[in-house]
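Working notes, beginning with the structure itself.
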Amino acid sequence: MKDKLNQIKEEALRQIRESKTLEQLNEVRVSQLGKKGALTELLKGMKDVSPEDRPKIGQLVNETRSEIEKVLEDAKKKMEAIVLEARLSKETIDVTLPAKSMKVGNMHPNTRALEEVEKIFIGMGYEVVEGPEIEKDYYNFEALNIPADHPAKDEQDTFYISGDILLRTQTSSTQVHEMEKGKLPIRMIAPGRVFRADEVDATHSPSFHQIEGLVIDKHITFADLKGTLAVFAKELFGEDTKVKFRPHHFPFTEPSAEMDVSCFKCGGKGCRFCKGEGWIEILGCGMVHPHVLEMSNIDPNEYTGFAFGVGLERIALLKYEIDDLRLLYENDVRFLRQF
Ligand code: DAH
């Protein structure tokens, strides 16, 4: 009996040693200690043992069982630790590995152009303000001296939301919002998106951007307008840039003008860039119409001012020599990465 027990023990220990997985260990438990296991089988033979020997043998069987159980338990713990260790080392992150390089976006030519313009005017003491894109007819037209039946309104036939509410066609509407605040003097630029019922082509888009400028103070004259815009042109296009003012008409300024800059490519001699003209049209401007001041409760006898409006895309296209407006809206990174 004793030998038999030893044999079972040795066999169990051997199987435990040879087990490589938790499943195999479990099989050992079943085959050695389970209901049909070798030890249980042996216990069945107890009936053949003499009554006086039974307690001793019984004790021996129990000792063997707990010995095997202990070894089995230790092996299981060790095995679990190994499995955990393997999982952890598989899941660890090696922080010393080189990082994947991140793709950084590019500044859009519009944004770059706008930042340049803002820098120039902030340097001259201007404030940058914004107005709403959804506008009342009053701010977009009426208060800018464009009454209901004015032909200039036809030119900017636009997107109406309801009879009186529309998507603004020009950032000039921000002039009115600023004047209505009642704080004088005013030195502001107002960049923003505008909307017009234009067909898309290389120079037109139904949605584009303008930068409005407005100065109102005592004793502001056309000389201030010319001086300011000449400095702006030089800072934007280069020290040698000359400016030229041509008479024009805008309902909200009187007198009004369009400003051309000497071609910064050929210096004014005429080239492909300026279509042989030597000059490039850049913005509209003028002295704020007295009636416009009056409508916003500013006394034209005390205050005068000048205003200007420049197309942001126009500046971006010129400065970065882009020949199709549509490229600015496609957001193709291969294009954007060039700037
Ligand atoms: N709002 C005009 C346009 O969209 C541009 C403009 C011209 C703005 C003259 C002005 C200005 O402030 O004085 O065509």
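Following the order of the structure tokens, chains are lettered A, B, ..., residues in each are numbered from 1, and ligands are numbered from 1.
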Enumerate, in order of chain and increasing residue number, the residues of chain A with an atom no farther than 7 Å from ligand 1, each with its shortest atom pair and distance in Å to one decimal, counting only C-alpha atoms and all ligand atoms, as JSON lines.
{"residue": "A:Thr169", "atom": "CA", "partner": "ligand 1", "partner_atom_place_in_ligand_line": "4 (O)", "distance": 6.9}
{"residue": "A:Gln170", "atom": "CA", "partner": "ligand 1", "partner_atom_place_in_ligand_line": "4 (O)", "distance": 4.7}
{"residue": "A:Thr171", "atom": "CA", "partner": "ligand 1", "partner_atom_place_in_ligand_line": "1 (N)", "distance": 6.3}
{"residue": "A:Ser172", "atom": "CA", "partner": "ligand 1", "partner_atom_place_in_ligand_line": "1 (N)", "distance": 5.1}
{"residue": "A:Glu212", "atom": "CA", "partner": "ligand 1", "partner_atom_place_in_ligand_line": "12 (O)", "distance": 5.7}
{"residue": "A:Gly213", "atom": "CA", "partner": "ligand 1", "partner_atom_place_in_ligand_line": "12 (O)", "distance": 6.0}
{"residue": "A:Leu214", "atom": "CA", "partner": "ligand 1", "partner_atom_place_in_ligand_line": "12 (O)", "distance": 6.9}
{"residue": "A:Phe250", "atom": "CA", "partner": "ligand 1", "partner_atom_place_in_ligand_line": "9 (C)", "distance": 5.9}
{"residue": "A:Phe252", "atom": "CA", "partner": "ligand 1", "partner_atom_place_in_ligand_line": "13 (O)", "distance": 6.9}
{"residue": "A:Thr253", "atom": "CA", "partner": "ligand 1", "partner_atom_place_in_ligand_line": "13 (O)", "distance": 5.6}
{"residue": "A:Ser256", "atom": "CA", "partner": "ligand 1", "partner_atom_place_in_ligand_line": "13 (O)", "distance": 6.8}
{"residue": "A:Leu283", "atom": "CA", "partner": "ligand 1", "partner_atom_place_in_ligand_line": "7 (C)", "distance": 6.8}
{"residue": "A:Gly284", "atom": "CA", "partner": "ligand 1", "partner_atom_place_in_ligand_line": "7 (C)", "distance": 3.7}
{"residue": "A:Cys285", "atom": "CA", "partner": "ligand 1", "partner_atom_place_in_ligand_line": "13 (O)", "distance": 3.5}
{"residue": "A:Gly286", "atom": "CA", "partner": "ligand 1", "partner_atom_place_in_ligand_line": "13 (O)", "distance": 4.6}
{"residue": "A:Met287", "atom": "CA", "partner": "ligand 1", "partner_atom_place_in_ligand_line": "13 (O)", "distance": 6.9}
{"residue": "A:Val288", "atom": "CA", "partner": "ligand 1", "partner_atom_place_in_ligand_line": "13 (O)", "distance": 7.0}
{"residue": "A:Phe306", "atom": "CA", "partner": "ligand 1", "partner_atom_place_in_ligand_line": "13 (O)", "distance": 6.8}
{"residue": "A:Ala307", "atom": "CA", "partner": "ligand 1", "partner_atom_place_in_ligand_line": "13 (O)", "distance": 4.1}
{"residue": "A:Phe308", "atom": "CA", "partner": "ligand 1", "partner_atom_place_in_ligand_line": "12 (O)", "distance": 3.5}
{"residue": "A:Gly309", "atom": "CA", "partner": "ligand 1", "partner_atom_place_in_ligand_line": "8 (C)", "distance": 3.4}
{"residue": "A:Val310", "atom": "CA", "partner": "ligand 1", "partner_atom_place_in_ligand_line": "5 (C)", "distance": 6.4}
Got time to write the residues from that selection, N, CA and C atoms, as a PDB file, in the first residue's frame?
ATOM      1  N   THR A 169     -23.070  91.187 -48.505  1.00  0.00           N
ATOM      2  CA  THR A 169     -22.362  91.183 -49.787  1.00  0.00           C
ATOM      3  C   THR A 169     -21.044  91.928 -49.675  1.00  0.00           C
ATOM      4  N   GLN A 170     -20.862  92.649 -48.576  1.00  0.00           N
ATOM      5  CA  GLN A 170     -19.642  93.438 -48.391  1.00  0.00           C
ATOM      6  C   GLN A 170     -19.392  93.641 -46.899  1.00  0.00           C
ATOM      7  N   THR A 171     -18.116  93.718 -46.539  1.00  0.00           N
ATOM      8  CA  THR A 171     -17.808  93.959 -45.122  1.00  0.00           C
ATOM      9  C   THR A 171     -18.074  95.411 -44.740  1.00  0.00           C
ATOM     10  N   SER A 172     -18.480  96.246 -45.716  1.00  0.00           N
ATOM     11  CA  SER A 172     -18.799  97.649 -45.403  1.00  0.00           C
ATOM     12  C   SER A 172     -19.870  97.746 -44.318  1.00  0.00           C
ATOM     13  N   GLU A 212     -12.381  95.388 -44.521  1.00  0.00           N
ATOM     14  CA  GLU A 212     -12.907  96.742 -44.546  1.00  0.00           C
ATOM     15  C   GLU A 212     -12.019  97.614 -43.668  1.00  0.00           C
ATOM     16  N   GLY A 213     -11.888  98.871 -44.027  1.00  0.00           N
ATOM     17  CA  GLY A 213     -11.165  99.799 -43.162  1.00  0.00           C
ATOM     18  C   GLY A 213     -12.005 101.043 -42.937  1.00  0.00           C
ATOM     19  N   LEU A 214     -11.951 101.577 -41.721  1.00  0.00           N
ATOM     20  CA  LEU A 214     -12.697 102.810 -41.441  1.00  0.00           C
ATOM     21  C   LEU A 214     -11.939 103.655 -40.421  1.00  0.00           C
ATOM     22  N   PHE A 250     -18.627 104.932 -55.301  1.00  0.00           N
ATOM     23  CA  PHE A 250     -19.260 104.039 -54.335  1.00  0.00           C
ATOM     24  C   PHE A 250     -20.321 104.869 -53.626  1.00  0.00           C
ATOM     25  N   PHE A 252     -21.380 104.988 -50.684  1.00  0.00           N
ATOM     26  CA  PHE A 252     -21.160 105.377 -49.284  1.00  0.00           C
ATOM     27  C   PHE A 252     -19.926 106.253 -49.079  1.00  0.00           C
ATOM     28  N   THR A 253     -19.222 106.568 -50.169  1.00  0.00           N
ATOM     29  CA  THR A 253     -18.075 107.481 -50.048  1.00  0.00           C
ATOM     30  C   THR A 253     -18.194 108.593 -51.087  1.00  0.00           C
ATOM     31  N   SER A 256     -14.950 109.149 -54.195  1.00  0.00           N
ATOM     32  CA  SER A 256     -14.534 107.744 -54.126  1.00  0.00           C
ATOM     33  C   SER A 256     -13.405 107.508 -55.119  1.00  0.00           C
ATOM     34  N   LEU A 283      -7.834  98.032 -54.489  1.00  0.00           N
ATOM     35  CA  LEU A 283      -8.917  98.285 -53.524  1.00  0.00           C
ATOM     36  C   LEU A 283      -9.789  99.473 -53.924  1.00  0.00           C
ATOM     37  N   GLY A 284     -10.955  99.553 -53.240  1.00  0.00           N
ATOM     38  CA  GLY A 284     -11.837 100.711 -53.376  1.00  0.00           C
ATOM     39  C   GLY A 284     -11.759 101.541 -52.107  1.00  0.00           C
ATOM     40  N   CYS A 285     -11.931 102.841 -52.254  1.00  0.00           N
ATOM     41  CA  CYS A 285     -11.806 103.699 -51.068  1.00  0.00           C
ATOM     42  C   CYS A 285     -12.517 105.032 -51.277  1.00  0.00           C
ATOM     43  N   GLY A 286     -12.546 105.843 -50.262  1.00  0.00           N
ATOM     44  CA  GLY A 286     -13.142 107.174 -50.398  1.00  0.00           C
ATOM     45  C   GLY A 286     -13.364 107.822 -49.051  1.00  0.00           C
ATOM     46  N   MET A 287     -13.833 109.079 -49.107  1.00  0.00           N
ATOM     47  CA  MET A 287     -14.183 109.791 -47.875  1.00  0.00           C
ATOM     48  C   MET A 287     -15.616 109.420 -47.513  1.00  0.00           C
ATOM     49  N   VAL A 288     -15.842 109.078 -46.253  1.00  0.00           N
ATOM     50  CA  VAL A 288     -17.177 108.624 -45.836  1.00  0.00           C
ATOM     51  C   VAL A 288     -18.210 109.700 -46.159  1.00  0.00           C
ATOM     52  N   PHE A 306     -12.417 108.371 -43.595  1.00  0.00           N
ATOM     53  CA  PHE A 306     -12.234 107.658 -44.859  1.00  0.00           C
ATOM     54  C   PHE A 306     -12.436 106.164 -44.644  1.00  0.00           C
ATOM     55  N   ALA A 307     -12.730 105.496 -45.761  1.00  0.00           N
ATOM     56  CA  ALA A 307     -12.987 104.054 -45.689  1.00  0.00           C
ATOM     57  C   ALA A 307     -12.329 103.389 -46.881  1.00  0.00           C
ATOM     58  N   PHE A 308     -12.094 102.104 -46.744  1.00  0.00           N
ATOM     59  CA  PHE A 308     -11.572 101.334 -47.875  1.00  0.00           C
ATOM     60  C   PHE A 308     -11.997  99.883 -47.728  1.00  0.00           C
ATOM     61  N   GLY A 309     -12.020  99.214 -48.874  1.00  0.00           N
ATOM     62  CA  GLY A 309     -12.372  97.798 -48.854  1.00  0.00           C
ATOM     63  C   GLY A 309     -11.464  97.055 -49.818  1.00  0.00           C
ATOM     64  N   VAL A 310     -10.857  95.968 -49.309  1.00  0.00           N
ATOM     65  CA  VAL A 310      -9.909  95.232 -50.141  1.00  0.00           C
ATOM     66  C   VAL A 310     -10.276  93.743 -50.115  1.00  0.00           C
TER      67      VAL A 310
END
Next item on the list: Check segment 174-230 of chain A with DSSP on the backbone and list each residue it calls strand (DSSP E or B), as a list in words.
Entry: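 So, restricting segment 174-230 of chain A to strand (DSSP E or B), we get Ile186, Arg187, Met188, Ile189, Ala190, Pro191, Gly192, Arg193, Val194, Phe195, Ser207, Phe208, His209, Gln210, Ile211, Glu212, Gly213, Leu214, Val215, Ile216 and Asp217 of chain A.
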What are the nearest atom pairs, with distances in Å to one decimal, for all residues of segment 188-305 of chain A that come at most 8 Å from segment 312-323 of chain A, using only C-alpha atoms, set out by chain and rising residue number as JSON lines?
{"residue": "A:Ala202", "atom": "CA", "partner": "A:Asp323", "partner_atom": "CA", "distance": 7.4}
{"residue": "A:Phe208", "atom": "CA", "partner": "A:Glu313", "partner_atom": "CA", "distance": 7.0}
{"residue": "A:His209", "atom": "CA", "partner": "A:Leu312", "partner_atom": "CA", "distance": 5.3}
{"residue": "A:Gln210", "atom": "CA", "partner": "A:Leu312", "partner_atom": "CA", "distance": 5.1}
{"residue": "A:Ile211", "atom": "CA", "partner": "A:Leu312", "partner_atom": "CA", "distance": 6.4}
{"residue": "A:Phe237", "atom": "CA", "partner": "A:Lys319", "partner_atom": "CA", "distance": 7.4}
{"residue": "A:Ile282", "atom": "CA", "partner": "A:Arg314", "partner_atom": "CA", "distance": 7.5}
Next item on the list: Please report, as a PyMOL selection string, each residue of segment 6-44 of chain A to which DSSP assigns alpha helix (DSSP H) when run on this structure's backbone.
Entry: chain A and resi 6-18+22-33+38-44
Check: Got a sec: who's within 10 Å of segment 289-298 of chain A, counting only C-alpha atoms, leaving out chain neighbours fewer than 3 positions off, as an MDAnalysis selection string?
Finding: chainID A and resid 142:146 175:184 216 250:256 286 301:307
Considering only C-alpha atoms, give me a table of residues in segment 220-334 of chain A that are at most 9 Å from segment 115-127 of chain A, with the closest atom pair and distance in Å for each, as JSON lines.
{"residue": "A:Thr228", "atom": "CA", "partner": "A:Met124", "partner_atom": "CA", "distance": 8.6}
{"residue": "A:Val231", "atom": "CA", "partner": "A:Ile120", "partner_atom": "CA", "distance": 8.8}
{"residue": "A:Phe232", "atom": "CA", "partner": "A:Ile120", "partner_atom": "CA", "distance": 6.6}
{"residue": "A:Glu235", "atom": "CA", "partner": "A:Ile120", "partner_atom": "CA", "distance": 7.0}
{"residue": "A:Leu236", "atom": "CA", "partner": "A:Val117", "partner_atom": "CA", "distance": 7.2}
Item checked: 10 Å contact set for Pro132 of chain A, only C-alpha atoms, chain neighbours under 5 positions out, as number ranges by chain -> A: 167-168, 171, 173-174, 177, 192-194
Notebook entry, point to check: From the set A:Pro98, A:Gly270, A:Pro109, A:Gly45, which residue has the shortest atom-to-atom contact distance to Lys4 of chain A, counting only C-alpha atoms?
Noted result: A:Gly45
Check: In Å to one decimal, how far is atom CA of Arg54 of chain A from atom CA of Ala12 of chain A?
Finding: 23.3 Å
Next item on the list: Find the residue from A:Met188, A:Ile93, A:His108, A:Leu60 that sits nearest to Val129 of chain A; use only C-alpha atoms when measuring.
Entry: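 Closest to Val129 of chain A of all the choices is A:Met188.
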Next item on the list: Compare A:Leu325, A:Ile280, A:Val261, A:Ile189 by their minimum atom-to-atom distance to Ala233 of chain A, counting only C-alpha atoms, and give me the closest one.
Entry: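 The closest residue to Ala233 of chain A is A:Val261.
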Notebook entry, point to check: In terms of the shortest atom-to-atom distance over only C-alpha atoms, which of A:Leu22, A:Val71, A:Met1, A:Ala113 is closest to Gly58 of chain A?
Noted result: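 Of A:Leu22, A:Val71, A:Met1, A:Ala113, the one nearest Gly58 of chain A, counting only C-alpha atoms, is A:Met1.
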Next item on the list: For segment 154-163 of chain A, list every protein, DNA or RNA residue within 7 Å, evaluated using only C-alpha atoms, and leave out those in the same chain fewer than 5 positions away; present the list as a VMD selection string.
Entry: chain A and resid 169 195 to 197
Output for the residues just chosen: N, CA and C atoms as a CSV table (one decimal), in the first residue's frame:
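Output below, filename part10.csv:
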chain,number,residue,atom,x,y,z
A,169,THR,N,-23.1,91.2,-48.5
A,169,THR,CA,-22.4,91.2,-49.8
A,169,THR,C,-21.0,91.9,-49.7
A,195,PHE,N,-20.7,87.3,-49.4
A,195,PHE,CA,-21.4,86.4,-50.3
A,195,PHE,C,-22.1,87.1,-51.5
A,196,ARG,N,-21.9,86.6,-52.7
A,196,ARG,CA,-22.5,87.2,-53.8
A,196,ARG,C,-23.0,86.1,-54.8
A,197,ALA,N,-24.0,86.4,-55.6
A,197,ALA,CA,-24.5,85.4,-56.5
A,197,ALA,C,-23.6,85.4,-57.8
Check: Got a sec: who's within 12 Å of segment 30-34 of chain A, counting only C-alpha atoms, leaving out chain neighbours fewer than 5 positions off, as a VMD selection string?
Finding: chain A and resid 5 7 to 16 23 to 25 39 to 43 61 to 62 64 to 69 72
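Atom CA of Val333 of chain A lies 26.1 Å from atom CA of Asp198 of chain A.
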